[in-house]
Amino acid sequence: MAKLINLGIGIGLRPEHYEEIFRSLPNIDWFEIISENYMFDGKPLENLEKILERYPVVQHGVSLAIGSPDPLNFEYLKKLKALARKTKTPWISDHLCWGHLEGAHFHDLLPLPYTKEVINYVAERAKIVQDYLEIPFALENLSSYAAFRQDEMTEWEFYSAVVEKADVLMMLDVNNIYVSSRNHGFDPKDYYEKIPLERVIQIHLAGHTDYGSYVLDTHNNHVCDEVWNIYKEIYPKTKGVSTLLEWDDNFLSFEDTWKEALRAKTFQGNHVEIRT
Amino acid sequence: MLRSEPKIPASLFEIQDWFQSVITLPIDRNNQICSSRSISEEAENYISPNAQLSSQERIQIYHQQYWWRLLGHLHEMFPTLVRLFGYADFNLCIGVPYLMKYPSRHWSLSKLGSQMAKWIDEDYNENDKLLIFFSAVLDWAYEEVFFAPSPVCFPPSEHMLTQKIAFQSHVKIFKLPFNLFSFRTNLLKEKPDFWFENEFPKLPKEKDYYFIIFRNAHQRIVYQEVPQGHWSLLNLIQSGKSIKEACDSLEEHGGEPFEQAKTALPDWIQEWISKNWLGIV
């Protein structure tokens with residue numbers, strides 16, 4: 001597996017923070033961008049160019065929808081790869097989901113049934129994406145709200161099998177583990193103890209909204225104690241990987257968002273060495 | 001050489017086809033699925049219930065997320081329309097029927113509203129159609145100008161009066177039967193809910209209005225009212241004429257626009273160049 005550096009702690013770059021970032025030039029380790037927001041010309045790309053002058057940037061996508069029935073969209077992948085040349089992202093991630101069918105795009109991270117057939121289908125496509133991008137590629141676990149009658153295995157068995165069969169990396173979203181554990185009634189420990197943590201290249205942290213009968217992955221809130229506790233367990237087992245806070249609604253100031261992200265340090269222990 | 005793509009398993013396609021057919025069903029005012037289909041029975045076949053939620057309730061979360069996300073994006077793309085209707089009526093009268101007829105066909109959400117003016121032209125038939133139509137056109141123009149490539153410098157030359165030129169894509173010109181620009185500016189000073197209980201700003205409509213929107217040197221989107229002659233000339237250039245051909249055409253028609261162009265043309269050309277409006281074909 002490629003030698004990849006631990007970038008430290010970052011936050012998701014959002015337009016709401018541009019002004020504060022450009023004014024104060026904060027001493028942040030790195031930013032993650034939503035790739036699709038910068039795959040067109042115009043003002044967003046100009047802002048990104050200013051960010052790239054000062055900060056490492058990692059690309060995270062939301063539109064690949066690797067488990068969709070439509071053929072892979074090479075026009076999209078070409079743009080993604082062109083952006084990667086510009087950002088010099090050390091890896092690219094997207095979600096283990098589906099999201100379009102017969103040309104219609106649903107703009108959501110829709111869940112896949114956990115079956116052997118689907119593992120083969122998704123892993124083959126992930127290999128193609130990895131080969132085409134020529135950059136380490138990681139798949140992220142979802143927050144999900146429904147389970148299928150067809151499921152033949154647990155989510156963690158499915159996730160592990162896909163990344164191992166495709167030989168790609170894991171972008172592990174700790175909040176998603178928690179959200180799904182609440183929605184499907186499993187113990188988060190069962191999840192993180194049974195996945196190949198040596199494949200984790202990056203961790204996502206975020207807040208969610210608890211509606212009582214279900215939990216929604218909203219990225220509009222502080223990271224809850226339960227999620228921090230899972231992070232505390234997982235982080236040392238990864239031997240130290242890049243960690244990122246996502247915040248996408250009910251925005252805080254940049255400074256307060258950064259403070260929330262920095263809380264991760266208190267849960268990391270001494271495991272911050274470069275990972276090989 | 002890339003490996004060939006695997007074939008979609010039939011059982012996966014069946015689930016996905018059913019799933020999308022449910023989440024894209026219209027949403028009603030109470031955020032429920034609006035359909036005569038028996039979604040409860042259908043959901044039982046595909047989705048496992050849990051202790052808190054039935055199969056239908058679980059798929060309904062995805063249905064709501066689909067609509068809330070897309071309608072939320074339309075709210076951002078069409079701020080004038082949202083203020084004219086209010087959130088709930090916008091969703092019911094505009095957003096949902098629009099997305100039912102023109103669902104997203106692109107991976108980027110930035111294209112979601114590209115057919116809105118077309119849809120209004122085809123399917124919206126209320127008395128205020130003209131205002132609604134032009135509001136959609138203008139809101140969408142702001143989106144397009146925002147995502148237009150950065151302007152490149154147009155090199156002035158001795159041939160520039162006769163060569164084919166074009167607008168750069170961060171420039172849009174408008175002729176409107178009312179002053180939608182000042183109306184929109186005043187409307188956008190307040191949040192949509194404010195206009196639910198307050199009178200809309202005045203919509204001046206004493207004459208035809210000529211406007212240009214563009215990204216300025218600070219990359220801000222600005223608008224500028226221009227004389228009819230200025231707009232006419234730009235309109236002719238946009239249709240493919242050189243500056244000279246556009247001037248000849250104006251002269252042929254005579255009147256106020258030609259008189260304006262006769263005296264102000266050098267200043268206008270200077271302005272087009274300094275504001276990076278022109279590009280080479």
# chains A, B, ... in the order shown; residues from 1 in each chain; ligands from 1
$ interface_residues --of "chain B" --to "chain A" --cutoff "9 Å" --atoms "only C-alpha atoms" --output "number ranges by chain"
B: 1-9, 11-13, 15-17, 20, 23-24, 44-53, 55, 58-59, 61-62, 65-66, 69-70, 103-110, 145-150, 170, 219-220
$ write_last_selection --atoms "C-alpha atoms" --output "tab-separated table (two decimals), in the first residue's frame"
chain	number	residue	atom	x	y	z
B	1	MET	CA	-5.89	-0.23	-20.30
B	2	LEU	CA	-8.88	-0.22	-17.98
B	3	ARG	CA	-10.70	-3.42	-17.14
B	4	SER	CA	-14.26	-3.79	-18.47
B	5	GLU	CA	-17.18	-2.83	-16.28
B	6	PRO	CA	-19.14	-5.57	-14.50
B	7	LYS	CA	-22.79	-6.17	-15.30
B	8	ILE	CA	-25.26	-4.92	-12.69
B	9	PRO	CA	-26.74	-7.86	-10.73
B	11	SER	CA	-31.49	-8.28	-7.95
B	12	LEU	CA	-29.58	-5.06	-7.20
B	13	PHE	CA	-31.16	-3.27	-10.14
B	15	ILE	CA	-34.11	-2.88	-5.57
B	16	GLN	CA	-32.63	0.33	-6.94
B	17	ASP	CA	-35.38	0.75	-9.51
B	20	GLN	CA	-35.88	5.46	-6.85
B	23	ILE	CA	-38.17	8.51	-3.26
B	24	THR	CA	-39.04	10.54	-6.36
B	44	GLU	CA	-42.47	-4.59	3.20
B	45	ASN	CA	-41.08	-6.57	0.27
B	46	TYR	CA	-37.74	-4.78	0.23
B	47	ILE	CA	-37.03	-3.04	3.54
B	48	SER	CA	-36.71	-4.65	6.95
B	49	PRO	CA	-38.55	-2.82	9.74
B	50	ASN	CA	-36.83	-2.22	13.06
B	51	ALA	CA	-38.16	-1.82	16.60
B	52	GLN	CA	-38.99	1.86	16.08
B	53	LEU	CA	-39.83	2.21	12.40
B	55	SER	CA	-40.52	-0.50	6.41
B	58	ARG	CA	-37.69	3.89	6.80
B	59	ILE	CA	-38.00	4.50	3.04
B	61	ILE	CA	-36.74	9.11	5.49
B	62	TYR	CA	-35.01	8.83	2.12
B	65	GLN	CA	-34.22	13.73	2.32
B	66	TYR	CA	-34.46	13.63	-1.48
B	69	ARG	CA	-32.22	18.53	-0.38
B	70	LEU	CA	-33.40	19.35	-3.89
B	103	PRO	CA	-35.54	15.71	-12.53
B	104	SER	CA	-31.80	16.16	-12.18
B	105	ARG	CA	-29.89	14.65	-15.10
B	106	HIS	CA	-26.44	15.82	-14.02
B	107	TRP	CA	-24.08	14.81	-11.24
B	108	SER	CA	-23.73	18.42	-10.16
B	109	LEU	CA	-26.49	20.09	-8.19
B	110	SER	CA	-25.40	23.37	-9.76
B	145	VAL	CA	-22.57	34.29	-14.06
B	146	PHE	CA	-21.31	32.94	-10.73
B	147	PHE	CA	-20.05	29.73	-12.37
B	148	ALA	CA	-18.78	31.37	-15.57
B	149	PRO	CA	-15.07	30.97	-16.30
B	150	SER	CA	-12.83	33.81	-15.24
B	170	HIS	CA	-19.80	36.16	-17.15
B	219	GLN	CA	-15.39	38.88	-8.78
B	220	ARG	CA	-18.67	40.23	-7.42
$ residues_around --residues "stretch 55-60 of chain A" --least-positions-apart "3" --cutoff "9 Å" --atoms "only C-alpha atoms" --output "PyMOL selection string"
chain A and resi 7+28-36+51-52+80+83-84+87-95
$ select_by_dssp --residues "stretch 102-255 of chain A" --states "strand (DSSP E or B)" --output "ChimeraX atom specification"
/A:104-110,137-140,147-148,169-173,200-205,209-210,215-216,242-245
$ write_last_selection --atoms "C-alpha atoms" --output "mmCIF file, in the first residue's frame"
data_model
loop_
_atom_site.group_PDB
_atom_site.id
_atom_site.type_symbol
_atom_site.label_atom_id
_atom_site.label_comp_id
_atom_site.auth_asym_id
_atom_site.auth_seq_id
_atom_site.Cartn_x
_atom_site.Cartn_y
_atom_site.Cartn_z
ATOM 1 C CA ALA A 104 -31.480 10.460 -13.241
ATOM 2 C CA HIS A 105 -29.424 11.748 -10.307
ATOM 3 C CA PHE A 106 -30.867 11.623 -6.794
ATOM 4 C CA HIS A 107 -28.086 13.606 -5.055
ATOM 5 C CA ASP A 108 -28.158 11.388 -2.008
ATOM 6 C CA LEU A 109 -25.955 8.646 -0.608
ATOM 7 C CA LEU A 110 -28.337 5.717 -1.012
ATOM 8 C CA PHE A 137 -8.807 5.864 -3.659
ATOM 9 C CA ALA A 138 -10.848 5.403 -0.485
ATOM 10 C CA LEU A 139 -14.465 4.455 0.113
ATOM 11 C CA GLU A 140 -16.447 5.894 2.994
ATOM 12 C CA ALA A 147 -31.828 -2.245 5.852
ATOM 13 C CA PHE A 148 -32.804 -4.564 3.023
ATOM 14 C CA LEU A 169 -8.536 2.388 1.212
ATOM 15 C CA MET A 170 -11.105 3.177 3.872
ATOM 16 C CA MET A 171 -12.338 6.639 4.669
ATOM 17 C CA LEU A 172 -13.867 5.851 8.017
ATOM 18 C CA ASP A 173 -16.651 8.113 9.201
ATOM 19 C CA VAL A 200 -8.059 3.531 7.026
ATOM 20 C CA ILE A 201 -6.457 6.565 5.443
ATOM 21 C CA GLN A 202 -8.671 9.241 6.942
ATOM 22 C CA ILE A 203 -11.305 9.664 9.621
ATOM 23 C CA HIS A 204 -14.406 11.854 9.430
ATOM 24 C CA LEU A 205 -16.034 13.350 12.498
ATOM 25 C CA THR A 209 -29.582 15.050 14.793
ATOM 26 C CA ASP A 210 -31.396 12.652 17.073
ATOM 27 C CA VAL A 215 -30.778 9.516 13.965
ATOM 28 C CA LEU A 216 -29.988 11.620 10.910
ATOM 29 C CA SER A 242 -5.606 12.354 9.082
ATOM 30 C CA THR A 243 -8.739 13.460 10.895
ATOM 31 C CA LEU A 244 -11.364 15.813 9.601
ATOM 32 C CA LEU A 245 -14.408 17.573 11.029
#
$ select_by_dssp --residues "stretch 37-198 of chain B" --states "alpha helix (DSSP H)" --output "VMD selection string"
chain B and resid 39 to 46 55 to 77 79 to 85 87 to 89 96 to 101 116 to 123 129 to 147 180 to 187 194 to 197
$ write_last_selection --atoms "C-alpha atoms" --output "PDB file, in the first residue's frame"
ATOM      1  CA  ILE B  39     -46.073   2.038  -0.570  1.00  0.00           C
ATOM      2  CA  SER B  40     -46.509   0.271   2.743  1.00  0.00           C
ATOM      3  CA  GLU B  41     -46.965  -3.118   1.056  1.00  0.00           C
ATOM      4  CA  GLU B  42     -44.214  -2.468  -1.470  1.00  0.00           C
ATOM      5  CA  ALA B  43     -41.772  -1.411   1.244  1.00  0.00           C
ATOM      6  CA  GLU B  44     -42.470  -4.589   3.199  1.00  0.00           C
ATOM      7  CA  ASN B  45     -41.078  -6.570   0.272  1.00  0.00           C
ATOM      8  CA  TYR B  46     -37.736  -4.778   0.226  1.00  0.00           C
ATOM      9  CA  SER B  55     -40.523  -0.497   6.409  1.00  0.00           C
ATOM     10  CA  GLN B  56     -42.492   2.410   4.954  1.00  0.00           C
ATOM     11  CA  GLU B  57     -41.265   4.849   7.597  1.00  0.00           C
ATOM     12  CA  ARG B  58     -37.690   3.893   6.796  1.00  0.00           C
ATOM     13  CA  ILE B  59     -38.001   4.497   3.044  1.00  0.00           C
ATOM     14  CA  GLN B  60     -39.880   7.688   3.862  1.00  0.00           C
ATOM     15  CA  ILE B  61     -36.742   9.107   5.494  1.00  0.00           C
ATOM     16  CA  TYR B  62     -35.006   8.833   2.116  1.00  0.00           C
ATOM     17  CA  HIS B  63     -38.031  10.298   0.353  1.00  0.00           C
ATOM     18  CA  GLN B  64     -37.967  13.354   2.616  1.00  0.00           C
ATOM     19  CA  GLN B  65     -34.218  13.729   2.324  1.00  0.00           C
ATOM     20  CA  TYR B  66     -34.459  13.626  -1.476  1.00  0.00           C
ATOM     21  CA  TRP B  67     -37.063  16.361  -1.618  1.00  0.00           C
ATOM     22  CA  TRP B  68     -35.688  18.547   1.156  1.00  0.00           C
ATOM     23  CA  ARG B  69     -32.223  18.535  -0.376  1.00  0.00           C
ATOM     24  CA  LEU B  70     -33.397  19.351  -3.892  1.00  0.00           C
ATOM     25  CA  LEU B  71     -36.003  21.887  -2.829  1.00  0.00           C
ATOM     26  CA  GLY B  72     -33.410  23.491  -0.534  1.00  0.00           C
ATOM     27  CA  HIS B  73     -31.092  23.917  -3.494  1.00  0.00           C
ATOM     28  CA  LEU B  74     -33.871  25.418  -5.592  1.00  0.00           C
ATOM     29  CA  HIS B  75     -34.536  27.872  -2.739  1.00  0.00           C
ATOM     30  CA  GLU B  76     -30.923  29.022  -2.968  1.00  0.00           C
ATOM     31  CA  MET B  77     -30.939  29.157  -6.769  1.00  0.00           C
ATOM     32  CA  PRO B  79     -34.238  33.589  -4.212  1.00  0.00           C
ATOM     33  CA  THR B  80     -36.646  35.907  -6.027  1.00  0.00           C
ATOM     34  CA  LEU B  81     -39.185  33.172  -6.703  1.00  0.00           C
ATOM     35  CA  VAL B  82     -39.000  31.913  -3.116  1.00  0.00           C
ATOM     36  CA  ARG B  83     -39.765  35.402  -1.826  1.00  0.00           C
ATOM     37  CA  LEU B  84     -42.641  35.869  -4.258  1.00  0.00           C
ATOM     38  CA  PHE B  85     -44.294  32.583  -3.245  1.00  0.00           C
ATOM     39  CA  TYR B  87     -41.346  28.508   0.982  1.00  0.00           C
ATOM     40  CA  ALA B  88     -44.444  26.299   1.175  1.00  0.00           C
ATOM     41  CA  ASP B  89     -46.150  27.600  -1.966  1.00  0.00           C
ATOM     42  CA  VAL B  96     -42.185  19.815  -6.846  1.00  0.00           C
ATOM     43  CA  PRO B  97     -43.913  20.026 -10.256  1.00  0.00           C
ATOM     44  CA  TYR B  98     -40.689  21.350 -11.797  1.00  0.00           C
ATOM     45  CA  LEU B  99     -38.619  18.461 -10.453  1.00  0.00           C
ATOM     46  CA  MET B 100     -41.271  15.941 -11.456  1.00  0.00           C
ATOM     47  CA  LYS B 101     -41.011  17.141 -15.066  1.00  0.00           C
ATOM     48  CA  MET B 116     -36.832  26.396 -14.550  1.00  0.00           C
ATOM     49  CA  ALA B 117     -37.629  29.249 -16.955  1.00  0.00           C
ATOM     50  CA  LYS B 118     -38.554  26.689 -19.614  1.00  0.00           C
ATOM     51  CA  TRP B 119     -40.858  24.906 -17.163  1.00  0.00           C
ATOM     52  CA  ILE B 120     -42.550  28.172 -16.187  1.00  0.00           C
ATOM     53  CA  ASP B 121     -43.040  29.001 -19.833  1.00  0.00           C
ATOM     54  CA  GLU B 122     -44.573  25.580 -20.475  1.00  0.00           C
ATOM     55  CA  ASP B 123     -46.540  24.825 -17.326  1.00  0.00           C
ATOM     56  CA  LYS B 129     -46.658  34.558 -15.422  1.00  0.00           C
ATOM     57  CA  LEU B 130     -44.495  37.296 -16.949  1.00  0.00           C
ATOM     58  CA  LEU B 131     -43.075  38.375 -13.583  1.00  0.00           C
ATOM     59  CA  ILE B 132     -42.519  34.776 -12.500  1.00  0.00           C
ATOM     60  CA  PHE B 133     -40.886  33.882 -15.800  1.00  0.00           C
ATOM     61  CA  PHE B 134     -38.447  36.791 -15.808  1.00  0.00           C
ATOM     62  CA  SER B 135     -37.694  36.298 -12.108  1.00  0.00           C
ATOM     63  CA  ALA B 136     -36.639  32.734 -12.894  1.00  0.00           C
ATOM     64  CA  VAL B 137     -34.578  33.906 -15.866  1.00  0.00           C
ATOM     65  CA  LEU B 138     -32.819  36.496 -13.753  1.00  0.00           C
ATOM     66  CA  ASP B 139     -32.186  34.229 -10.758  1.00  0.00           C
ATOM     67  CA  TRP B 140     -30.724  31.612 -13.069  1.00  0.00           C
ATOM     68  CA  ALA B 141     -28.583  34.217 -14.845  1.00  0.00           C
ATOM     69  CA  TYR B 142     -26.975  35.049 -11.491  1.00  0.00           C
ATOM     70  CA  GLU B 143     -26.155  31.335 -11.076  1.00  0.00           C
ATOM     71  CA  GLU B 144     -24.607  31.136 -14.531  1.00  0.00           C
ATOM     72  CA  VAL B 145     -22.573  34.294 -14.060  1.00  0.00           C
ATOM     73  CA  PHE B 146     -21.307  32.940 -10.726  1.00  0.00           C
ATOM     74  CA  PHE B 147     -20.052  29.734 -12.368  1.00  0.00           C
ATOM     75  CA  LEU B 180     -36.924  43.663 -12.087  1.00  0.00           C
ATOM     76  CA  PHE B 181     -33.404  44.507 -10.972  1.00  0.00           C
ATOM     77  CA  SER B 182     -34.339  47.173  -8.438  1.00  0.00           C
ATOM     78  CA  PHE B 183     -37.371  45.081  -7.411  1.00  0.00           C
ATOM     79  CA  ARG B 184     -35.174  42.019  -6.880  1.00  0.00           C
ATOM     80  CA  THR B 185     -32.560  43.988  -4.945  1.00  0.00           C
ATOM     81  CA  ASN B 186     -35.228  45.287  -2.550  1.00  0.00           C
ATOM     82  CA  LEU B 187     -36.889  41.898  -2.287  1.00  0.00           C
ATOM     83  CA  PHE B 194     -40.816  38.612   5.840  1.00  0.00           C
ATOM     84  CA  TRP B 195     -42.713  38.958   2.562  1.00  0.00           C
ATOM     85  CA  PHE B 196     -45.431  36.633   3.795  1.00  0.00           C
ATOM     86  CA  GLU B 197     -46.813  39.462   5.931  1.00  0.00           C
TER      87      GLU B 197
END
$ decode --residues "stretch 10-39 of chain B" --atoms "N, CA and C atoms" --output "short mmCIF file (atom, residue, chain, number, x, y, z; two decimals), in the first residue's frame"
data_model
loop_
_atom_site.label_atom_id
_atom_site.label_comp_id
_atom_site.auth_asym_id
_atom_site.auth_seq_id
_atom_site.Cartn_x
_atom_site.Cartn_y
_atom_site.Cartn_z
N ALA B 10 -29.02 -8.42 -11.38
CA ALA B 10 -30.46 -8.14 -11.60
C ALA B 10 -31.17 -7.82 -10.29
N SER B 11 -30.79 -8.51 -9.22
CA SER B 11 -31.49 -8.28 -7.95
C SER B 11 -31.17 -6.89 -7.39
N LEU B 12 -29.95 -6.41 -7.65
CA LEU B 12 -29.58 -5.06 -7.20
C LEU B 12 -30.36 -4.03 -8.00
N PHE B 13 -30.43 -4.23 -9.30
CA PHE B 13 -31.16 -3.27 -10.14
C PHE B 13 -32.63 -3.20 -9.73
N GLU B 14 -33.19 -4.36 -9.42
CA GLU B 14 -34.62 -4.38 -9.04
C GLU B 14 -34.85 -3.52 -7.79
N ILE B 15 -33.97 -3.68 -6.80
CA ILE B 15 -34.11 -2.88 -5.57
C ILE B 15 -33.94 -1.39 -5.88
N GLN B 16 -32.91 -1.07 -6.66
CA GLN B 16 -32.63 0.33 -6.94
C GLN B 16 -33.76 0.98 -7.74
N ASP B 17 -34.30 0.22 -8.68
CA ASP B 17 -35.38 0.75 -9.51
C ASP B 17 -36.61 1.04 -8.64
N TRP B 18 -36.90 0.12 -7.72
CA TRP B 18 -38.04 0.35 -6.83
C TRP B 18 -37.75 1.54 -5.90
N PHE B 19 -36.55 1.55 -5.34
CA PHE B 19 -36.16 2.59 -4.37
C PHE B 19 -36.34 3.97 -4.99
N GLN B 20 -35.80 4.13 -6.23
CA GLN B 20 -35.88 5.46 -6.85
C GLN B 20 -37.31 5.81 -7.21
N SER B 21 -38.11 4.78 -7.53
CA SER B 21 -39.50 5.07 -7.90
C SER B 21 -40.29 5.58 -6.70
N VAL B 22 -39.83 5.24 -5.49
CA VAL B 22 -40.52 5.72 -4.28
C VAL B 22 -40.01 7.09 -3.85
N ILE B 23 -38.69 7.24 -3.81
CA ILE B 23 -38.17 8.51 -3.26
C ILE B 23 -38.47 9.70 -4.17
N THR B 24 -38.74 9.43 -5.45
CA THR B 24 -39.04 10.54 -6.36
C THR B 24 -40.54 10.81 -6.50
N LEU B 25 -41.36 10.06 -5.77
CA LEU B 25 -42.80 10.37 -5.77
C LEU B 25 -42.99 11.76 -5.15
N PRO B 26 -43.98 12.52 -5.58
CA PRO B 26 -44.14 13.88 -5.03
C PRO B 26 -44.30 13.89 -3.51
N ILE B 27 -43.89 14.98 -2.91
CA ILE B 27 -44.03 15.15 -1.45
C ILE B 27 -45.17 16.16 -1.23
N ASP B 28 -45.99 15.90 -0.21
CA ASP B 28 -47.10 16.84 0.02
C ASP B 28 -46.74 17.86 1.10
N ARG B 29 -47.71 18.73 1.43
CA ARG B 29 -47.45 19.80 2.41
C ARG B 29 -47.03 19.26 3.76
N ASN B 30 -47.46 18.03 4.07
CA ASN B 30 -47.12 17.43 5.37
C ASN B 30 -45.89 16.55 5.30
N ASN B 31 -45.14 16.70 4.23
CA ASN B 31 -43.90 15.95 4.03
C ASN B 31 -44.13 14.45 3.92
N GLN B 32 -45.30 14.08 3.43
CA GLN B 32 -45.62 12.66 3.24
C GLN B 32 -45.54 12.32 1.74
N ILE B 33 -45.38 11.04 1.48
CA ILE B 33 -45.37 10.58 0.09
C ILE B 33 -46.77 10.76 -0.49
N CYS B 34 -46.83 11.36 -1.66
CA CYS B 34 -48.11 11.64 -2.30
C CYS B 34 -48.28 10.65 -3.46
N SER B 35 -49.02 9.57 -3.22
CA SER B 35 -49.16 8.55 -4.26
C SER B 35 -50.35 7.65 -3.98
N SER B 36 -50.91 7.13 -5.06
CA SER B 36 -52.01 6.17 -4.89
C SER B 36 -51.47 4.74 -4.75
N ARG B 37 -50.15 4.60 -4.94
CA ARG B 37 -49.55 3.27 -4.79
C ARG B 37 -49.58 2.83 -3.32
N SER B 38 -49.57 1.54 -3.10
CA SER B 38 -49.54 1.04 -1.73
C SER B 38 -48.07 0.89 -1.29
N ILE B 39 -47.50 2.01 -0.89
CA ILE B 39 -46.07 2.04 -0.57
C ILE B 39 -45.77 1.14 0.63
#
